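Here is the file final04.txt (compact mmCIF, C-alpha atoms and all ligand atoms).
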# COMPACT_ATOMS: atom_id res chain seq x y z
CA MET A 26 0.00 0.00 0.00
CA ARG A 27 1.72 3.14 -1.26
CA CYS A 28 0.66 6.28 0.56
CA THR A 29 1.74 9.72 -0.63
CA LEU A 30 1.68 12.46 1.98
CA PHE A 31 1.54 16.06 0.80
CA ALA A 32 2.89 18.71 3.16
CA ALA A 33 1.32 22.02 2.21
CA SER A 34 2.69 24.57 4.65
CA PRO A 35 5.21 27.20 3.61
CA ARG A 36 6.59 26.88 7.19
CA ALA A 37 9.14 24.07 7.60
CA GLY A 38 8.93 22.08 10.83
CA GLY A 39 5.58 23.55 11.84
CA ASN A 40 2.30 22.00 12.89
CA SER A 41 1.13 20.45 9.64
CA ASP A 42 4.62 18.98 9.07
CA ARG A 43 4.25 17.38 12.48
CA ALA A 44 0.78 16.11 11.56
CA LEU A 45 2.29 14.51 8.47
CA ASP A 46 4.99 12.79 10.55
CA GLU A 47 2.41 11.40 12.97
CA PHE A 48 0.15 10.14 10.19
CA ALA A 49 3.15 8.57 8.40
CA GLN A 50 4.19 6.79 11.58
CA GLY A 51 0.72 5.31 11.91
CA VAL A 52 0.71 4.14 8.29
CA ARG A 53 4.15 2.55 8.67
CA GLU A 54 3.16 0.81 11.91
CA ALA A 55 0.25 -0.74 10.02
CA GLY A 56 2.62 -1.98 7.30
CA GLY A 57 2.12 0.67 4.59
CA ASP A 58 4.78 2.52 2.57
CA CYS A 59 4.98 6.30 2.84
CA ASN A 60 6.40 8.93 0.57
CA ALA A 61 6.30 12.54 1.79
CA LEU A 62 6.24 15.42 -0.71
CA TYR A 63 6.81 18.96 0.55
CA LEU A 64 5.08 21.38 -1.79
CA ARG A 65 7.32 24.25 -0.65
CA LYS A 66 10.30 22.42 -2.20
CA HIS A 67 8.59 22.29 -5.59
CA ARG A 68 8.41 25.17 -8.02
CA ILE A 69 4.76 25.38 -9.06
CA LEU A 70 3.77 27.99 -11.63
CA PRO A 71 0.22 29.30 -11.33
CA CYS A 72 -2.35 28.43 -13.99
CA VAL A 73 -2.69 31.34 -16.43
CA SER A 74 -5.92 30.12 -18.01
CA CYS A 75 -4.28 29.78 -21.44
CA GLY A 76 -6.99 27.35 -22.48
CA VAL A 77 -4.64 24.73 -23.95
CA CYS A 78 -5.97 21.93 -21.73
CA GLU A 79 -9.53 22.80 -22.70
CA GLN A 80 -8.69 22.92 -26.43
CA THR A 81 -6.81 19.61 -26.25
CA GLN A 82 -9.36 17.94 -23.94
CA GLY A 83 -6.89 17.42 -21.14
CA GLY A 84 -3.62 17.36 -23.10
CA PRO A 85 -0.32 18.30 -21.46
CA CYS A 86 -0.09 21.67 -19.70
CA PRO A 87 2.49 23.96 -21.36
CA LEU A 88 3.70 24.99 -17.89
CA ALA A 89 4.62 21.42 -16.90
CA GLU A 90 7.95 21.66 -18.73
CA LYS A 91 8.84 24.81 -16.86
CA ASP A 92 8.24 23.78 -13.25
CA ASP A 93 8.32 20.84 -10.79
CA SER A 94 4.62 20.02 -10.68
CA ALA A 95 4.83 16.81 -12.77
CA PRO A 96 6.10 14.50 -9.97
CA LEU A 97 3.33 15.81 -7.70
CA PHE A 98 0.64 14.88 -10.20
CA ASP A 99 2.37 11.57 -10.95
CA ALA A 100 2.08 10.76 -7.25
CA LEU A 101 -1.64 11.58 -7.27
CA LEU A 102 -2.16 9.35 -10.27
CA SER A 103 -0.21 6.37 -8.95
CA SER A 104 -0.71 6.27 -5.15
CA ASP A 105 -3.05 3.85 -3.42
CA PHE A 106 -3.85 6.37 -0.71
CA VAL A 107 -3.22 10.10 -0.30
CA PHE A 108 -2.87 12.33 2.74
CA PHE A 109 -2.76 16.13 2.90
CA ALA A 110 -1.46 18.14 5.85
CA SER A 111 -2.12 21.83 5.56
CA PRO A 112 -2.57 24.95 7.64
CA ILE A 113 -5.63 27.13 7.18
CA TYR A 114 -4.76 30.52 5.73
CA PHE A 115 -7.60 33.05 5.68
CA TYR A 116 -10.20 30.29 5.92
CA HIS A 117 -8.59 28.42 3.04
CA LEU A 118 -5.47 26.66 1.81
CA PRO A 119 -2.07 28.42 1.47
CA ALA A 120 -1.36 30.06 -1.90
CA HIS A 121 1.31 27.60 -3.06
CA PHE A 122 -1.01 24.66 -2.40
CA LYS A 123 -3.82 26.46 -4.23
CA ALA A 124 -1.47 27.00 -7.19
CA PHE A 125 -0.94 23.23 -7.32
CA ILE A 126 -4.69 22.66 -7.14
CA ASP A 127 -5.37 25.11 -9.98
CA ARG A 128 -2.87 23.26 -12.15
CA GLY A 129 -5.14 20.26 -11.73
CA GLN A 130 -7.38 21.88 -14.35
CA ARG A 131 -5.62 19.81 -17.00
CA TYR A 132 -6.83 16.62 -15.27
CA TYR A 133 -10.32 18.05 -14.82
CA GLU A 134 -10.48 18.55 -18.60
CA ALA A 135 -9.03 15.07 -19.22
CA ALA A 136 -11.69 13.47 -16.99
CA LEU A 137 -14.42 15.55 -18.63
CA ALA A 138 -13.29 14.25 -22.02
CA ASN A 139 -13.30 10.65 -20.70
CA ARG A 140 -9.65 10.19 -21.55
CA SER A 141 -8.68 6.56 -21.18
CA GLU A 142 -5.91 7.26 -18.65
CA MET A 143 -8.45 8.91 -16.34
CA LEU A 144 -11.09 6.23 -16.83
CA ALA A 145 -8.47 3.60 -16.00
CA LEU A 146 -7.72 5.10 -12.58
CA PRO A 147 -8.88 3.00 -9.64
CA SER A 148 -11.23 4.54 -7.11
CA ARG A 149 -9.17 5.65 -4.09
CA ARG A 150 -9.37 7.51 -0.82
CA ALA A 151 -7.65 10.54 0.68
CA ALA A 152 -7.51 11.93 4.20
CA ALA A 153 -6.53 15.40 5.33
CA CYS A 154 -5.39 17.09 8.49
CA LEU A 155 -6.06 20.82 8.54
CA VAL A 156 -4.60 22.91 11.36
CA ALA A 157 -5.86 26.35 12.30
CA GLY A 158 -4.76 28.92 14.84
CA ARG A 159 -8.25 30.07 15.77
CA LYS A 160 -10.34 28.20 18.28
CA LYS A 161 -13.60 29.56 16.93
CA GLY A 162 -15.15 29.78 13.49
CA GLU A 163 -17.94 27.40 12.62
CA ARG A 164 -16.91 27.27 8.95
CA LEU A 165 -13.15 27.36 9.49
CA PHE A 166 -12.42 24.23 7.42
CA GLU A 167 -15.32 24.39 4.96
CA GLY A 168 -13.65 26.19 2.05
CA ALA A 169 -10.49 24.10 2.22
CA ALA A 170 -12.41 20.82 2.41
CA LEU A 171 -14.69 21.70 -0.52
CA THR A 172 -11.77 22.72 -2.71
CA LEU A 173 -9.79 19.62 -1.84
CA SER A 174 -12.65 17.26 -2.60
CA PHE A 175 -13.41 18.82 -5.99
CA PHE A 176 -9.70 18.92 -6.87
CA LEU A 177 -9.43 15.19 -6.17
CA GLU A 178 -12.59 14.12 -7.98
CA PRO A 179 -11.05 13.82 -11.50
CA PHE A 180 -8.36 11.55 -10.02
CA ARG A 181 -11.13 9.31 -8.67
CA ILE A 182 -9.99 10.07 -5.14
CA ARG A 183 -12.63 10.80 -2.53
CA LEU A 184 -11.71 12.87 0.48
CA GLU A 185 -12.53 11.35 3.83
CA PRO A 186 -12.04 11.60 6.67
CA GLN A 187 -10.80 15.06 7.52
CA MET A 188 -9.23 16.09 10.78
CA GLY A 189 -9.68 19.75 11.60
CA LEU A 190 -7.55 20.85 14.57
CA ARG A 191 -8.24 24.24 16.16
CA GLY A 192 -6.16 26.47 18.40
CA ILE A 193 -2.88 25.18 16.92
CA ASP A 194 -0.88 28.26 16.03
CA ALA A 195 2.75 28.64 17.16
CA SER A 196 5.19 26.30 15.44
CA GLY A 197 5.44 23.78 18.30
CA ASP A 198 1.76 23.78 19.34
CA LEU A 199 0.86 20.42 17.86
CA ALA A 200 4.09 18.78 19.03
CA SER A 201 3.23 19.77 22.60
CA ASN A 202 -0.24 18.23 22.35
CA PRO A 203 0.19 14.46 22.77
CA THR A 204 -3.54 13.80 22.49
CA ASP A 205 -3.85 15.36 19.03
CA CYS A 206 -0.59 13.70 17.92
CA ALA A 207 -1.86 10.29 19.02
CA PHE A 208 -5.21 10.91 17.30
CA ILE A 209 -3.48 11.64 13.98
CA ARG A 210 -1.13 8.68 14.34
CA GLU A 211 -3.97 6.31 15.21
CA THR A 212 -6.01 7.62 12.27
CA GLY A 213 -3.09 6.86 9.94
CA TYR A 214 -2.79 3.40 11.45
CA ARG A 215 -6.51 2.66 11.19
CA LEU A 216 -6.89 3.94 7.61
CA ALA A 217 -3.80 2.06 6.45
CA LEU A 218 -5.11 -1.15 8.00
CA GLN A 219 -8.42 -0.62 6.19
CA GLU A 220 -6.59 -0.11 2.90
CA LEU A 221 -4.41 -3.17 3.41
CA SER A 222 -7.40 -5.35 4.25
CA GLY A 223 -9.54 -3.92 1.45
CA LYS A 224 -12.10 -2.60 3.98
CA ASN A 225 -11.94 1.01 2.90
CA GLY A 226 -15.58 1.96 3.28
CA SER A 227 -16.79 5.41 4.24
CA SER A 228 -16.17 6.94 7.62
CA THR A 229 -16.30 10.48 8.95
CA MET A 230 -14.41 12.38 11.59
CA SER A 231 -14.08 16.00 12.58
C1 LIG B 1 -1.12 34.10 6.29
C2 LIG B 1 -1.77 33.35 7.41
C3 LIG B 1 -3.16 33.26 7.45
C4 LIG B 1 -3.78 32.55 8.47
N1 LIG B 1 -5.15 32.48 8.48
C5 LIG B 1 -5.76 31.78 9.46
C6 LIG B 1 -7.21 31.69 9.48
O1 LIG B 1 -7.92 32.19 8.63
N2 LIG B 1 -7.77 31.00 10.51
C7 LIG B 1 -7.02 30.40 11.49
O2 LIG B 1 -7.59 29.78 12.39
N3 LIG B 1 -5.65 30.45 11.47
C8 LIG B 1 -5.02 31.14 10.49
N4 LIG B 1 -3.65 31.20 10.47
C9 LIG B 1 -2.86 30.46 11.49
C10 LIG B 1 -2.34 29.11 10.97
O3 LIG B 1 -3.39 28.32 10.47
C11 LIG B 1 -1.64 28.37 12.12
O4 LIG B 1 -0.57 29.14 12.59
C12 LIG B 1 -1.17 26.98 11.73
O5 LIG B 1 -0.83 26.26 12.91
C13 LIG B 1 0.05 27.03 10.82
O6 LIG B 1 0.41 25.71 10.48
P1 LIG B 1 1.93 25.33 10.06
O7 LIG B 1 2.77 25.43 11.31
O8 LIG B 1 1.84 23.96 9.54
O9 LIG B 1 2.34 26.31 9.02
C14 LIG B 1 -3.00 31.92 9.49
C15 LIG B 1 -1.60 32.02 9.43
C16 LIG B 1 -0.99 32.73 8.41
C17 LIG B 1 0.52 32.83 8.39

Let me see the structure of the file written as structure tokens.
Amino acid sequence: MRCTLFAASPRAGGNSDRALDEFAQGVREAGGDCNALYLRKHRILPCVSCGVCEQTQGGPCPLAEKDDSAPLFDALLSSDFVFFASPIYFYHLPAHFKAFIDRGQRYYEAALANRSEMLALPSRRAAACLVAGRKKGERLFEGAALTLSFFLEPFRIRLEPQMGLRGIDASGDLASNPTDCAFIRETGYRLALQELSGKNGSSTMS
């Protein structure tokens, strides 16, 4: 079971990086393989709405030759399971992560055109851990979760479950919260076990 973990924070060694480490530990303890990708280490050019992917029904993006987004999309296409760890920035995902998501437009067009490589993708699952500094805000994770699920849809990946952690702000806040760390680790363990045993039915968490 190959799990790709996407770290989406511009801040190295912060809370969502820690969430990724905990989740990865859980997956490994269950017997899964993990590969962590740090978006901040990848040059990702923003979509400029040139229309090429629409005209070619999901053909290659002209920007893909100029940046480092290709291995990120390759990982989405080939992984058995995907995990995202991201901070909330202004009720949403950080800009660099959103740039990656917008570049997914090429795959949206490819799926719309029923390209064979998209139709051949197996149905898969993703989980996410979103960390936010604020303790309040009923809809704190809503925008990020909606965007993530629609981004993943063309890849035949459904997002569930999500962990939304509040009141985690300074860089070491999550690390000093053993309960949250254990929760993330145990979630990774449980989901990996489900994947390995083929029992990957729906479940929800918040
Ligand atoms: C530009 C920016 C915008 C932020 N916007 C929000 C926000 O809208 N709501 C919130 O609860 N926290 C917000 N935060 C706080 C971060 O979500 C919080 O510090 C988080 O723990 C950072 O995770 P990281 O250490 O993985 O980068 C913001 C932080 C920054 C730097």

Name each residue within 9 Å of ligand LIG 1 (chain B), counting only C-alpha atoms and all ligand atoms, as a PyMOL selection string. chain A and resi 32-44+110-119+155-162+165-166+190-199

Suppose we keep C-alpha atoms; can you now write the selection as a PDB file, in the coordinates of the input?
ATOM      1  CA  ALA A  32       2.890  18.710   3.160  1.00  0.00           C
ATOM      2  CA  ALA A  33       1.320  22.020   2.210  1.00  0.00           C
ATOM      3  CA  SER A  34       2.690  24.570   4.650  1.00  0.00           C
ATOM      4  CA  PRO A  35       5.210  27.200   3.610  1.00  0.00           C
ATOM      5  CA  ARG A  36       6.590  26.880   7.190  1.00  0.00           C
ATOM      6  CA  ALA A  37       9.140  24.070   7.600  1.00  0.00           C
ATOM      7  CA  GLY A  38       8.930  22.080  10.830  1.00  0.00           C
ATOM      8  CA  GLY A  39       5.580  23.550  11.840  1.00  0.00           C
ATOM      9  CA  ASN A  40       2.300  22.000  12.890  1.00  0.00           C
ATOM     10  CA  SER A  41       1.130  20.450   9.640  1.00  0.00           C
ATOM     11  CA  ASP A  42       4.620  18.980   9.070  1.00  0.00           C
ATOM     12  CA  ARG A  43       4.250  17.380  12.480  1.00  0.00           C
ATOM     13  CA  ALA A  44       0.780  16.110  11.560  1.00  0.00           C
ATOM     14  CA  ALA A 110      -1.460  18.140   5.850  1.00  0.00           C
ATOM     15  CA  SER A 111      -2.120  21.830   5.560  1.00  0.00           C
ATOM     16  CA  PRO A 112      -2.570  24.950   7.640  1.00  0.00           C
ATOM     17  CA  ILE A 113      -5.630  27.130   7.180  1.00  0.00           C
ATOM     18  CA  TYR A 114      -4.760  30.520   5.730  1.00  0.00           C
ATOM     19  CA  PHE A 115      -7.600  33.050   5.680  1.00  0.00           C
ATOM     20  CA  TYR A 116     -10.200  30.290   5.920  1.00  0.00           C
ATOM     21  CA  HIS A 117      -8.590  28.420   3.040  1.00  0.00           C
ATOM     22  CA  LEU A 118      -5.470  26.660   1.810  1.00  0.00           C
ATOM     23  CA  PRO A 119      -2.070  28.420   1.470  1.00  0.00           C
ATOM     24  CA  LEU A 155      -6.060  20.820   8.540  1.00  0.00           C
ATOM     25  CA  VAL A 156      -4.600  22.910  11.360  1.00  0.00           C
ATOM     26  CA  ALA A 157      -5.860  26.350  12.300  1.00  0.00           C
ATOM     27  CA  GLY A 158      -4.760  28.920  14.840  1.00  0.00           C
ATOM     28  CA  ARG A 159      -8.250  30.070  15.770  1.00  0.00           C
ATOM     29  CA  LYS A 160     -10.340  28.200  18.280  1.00  0.00           C
ATOM     30  CA  LYS A 161     -13.600  29.560  16.930  1.00  0.00           C
ATOM     31  CA  GLY A 162     -15.150  29.780  13.490  1.00  0.00           C
ATOM     32  CA  LEU A 165     -13.150  27.360   9.490  1.00  0.00           C
ATOM     33  CA  PHE A 166     -12.420  24.230   7.420  1.00  0.00           C
ATOM     34  CA  LEU A 190      -7.550  20.850  14.570  1.00  0.00           C
ATOM     35  CA  ARG A 191      -8.240  24.240  16.160  1.00  0.00           C
ATOM     36  CA  GLY A 192      -6.160  26.470  18.400  1.00  0.00           C
ATOM     37  CA  ILE A 193      -2.880  25.180  16.920  1.00  0.00           C
ATOM     38  CA  ASP A 194      -0.880  28.260  16.030  1.00  0.00           C
ATOM     39  CA  ALA A 195       2.750  28.640  17.160  1.00  0.00           C
ATOM     40  CA  SER A 196       5.190  26.300  15.440  1.00  0.00           C
ATOM     41  CA  GLY A 197       5.440  23.780  18.300  1.00  0.00           C
ATOM     42  CA  ASP A 198       1.760  23.780  19.340  1.00  0.00           C
ATOM     43  CA  LEU A 199       0.860  20.420  17.860  1.00  0.00           C
TER      44      LEU A 199
END

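Remark: for Glu47 (chain A), the closest of the candidate residues A:Gln82, A:Ser148, A:Thr204, A:Gln130 is A:Thr204 (distances computed over all atoms listed in the file).
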
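When all atoms listed in the file are used to compute distances to Ala138 (chain A), the closest of the residues A:Gly189, A:Cys78, A:Asp93, A:Glu167 turns out to be A:Cys78.
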
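CA of Tyr132 (chain A) to CA of Arg183 (chain A) spans 15.2 Å [interatomic distance, one decimal].
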
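Comparing A:Cys86, A:Val107, A:Ala120, A:Leu101 by their smallest distance to Met143 (chain A), the closest is A:Leu101 (using all atoms listed in the file).
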
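The interatomic distance for the pair CA of Gly57 (chain A) and CA of Leu218 (chain A) works out to 8.2 Å.
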
Taken to one decimal, the CA of Tyr133 (chain A)-CA of Cys59 (chain A) distance is 26.2 Å

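Of the listed residues A:Ile182, A:Ile209, A:Ala100, A:Ala95, the one whose atoms come nearest to Cys154 (chain A) is A:Ile209, with distances taken using all atoms listed in the file.
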
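Closest approach to Gly56 (chain A) among A:Cys28, A:Leu70, A:Leu184, A:Val77 is made by A:Cys28 (distances from all atoms listed in the file).
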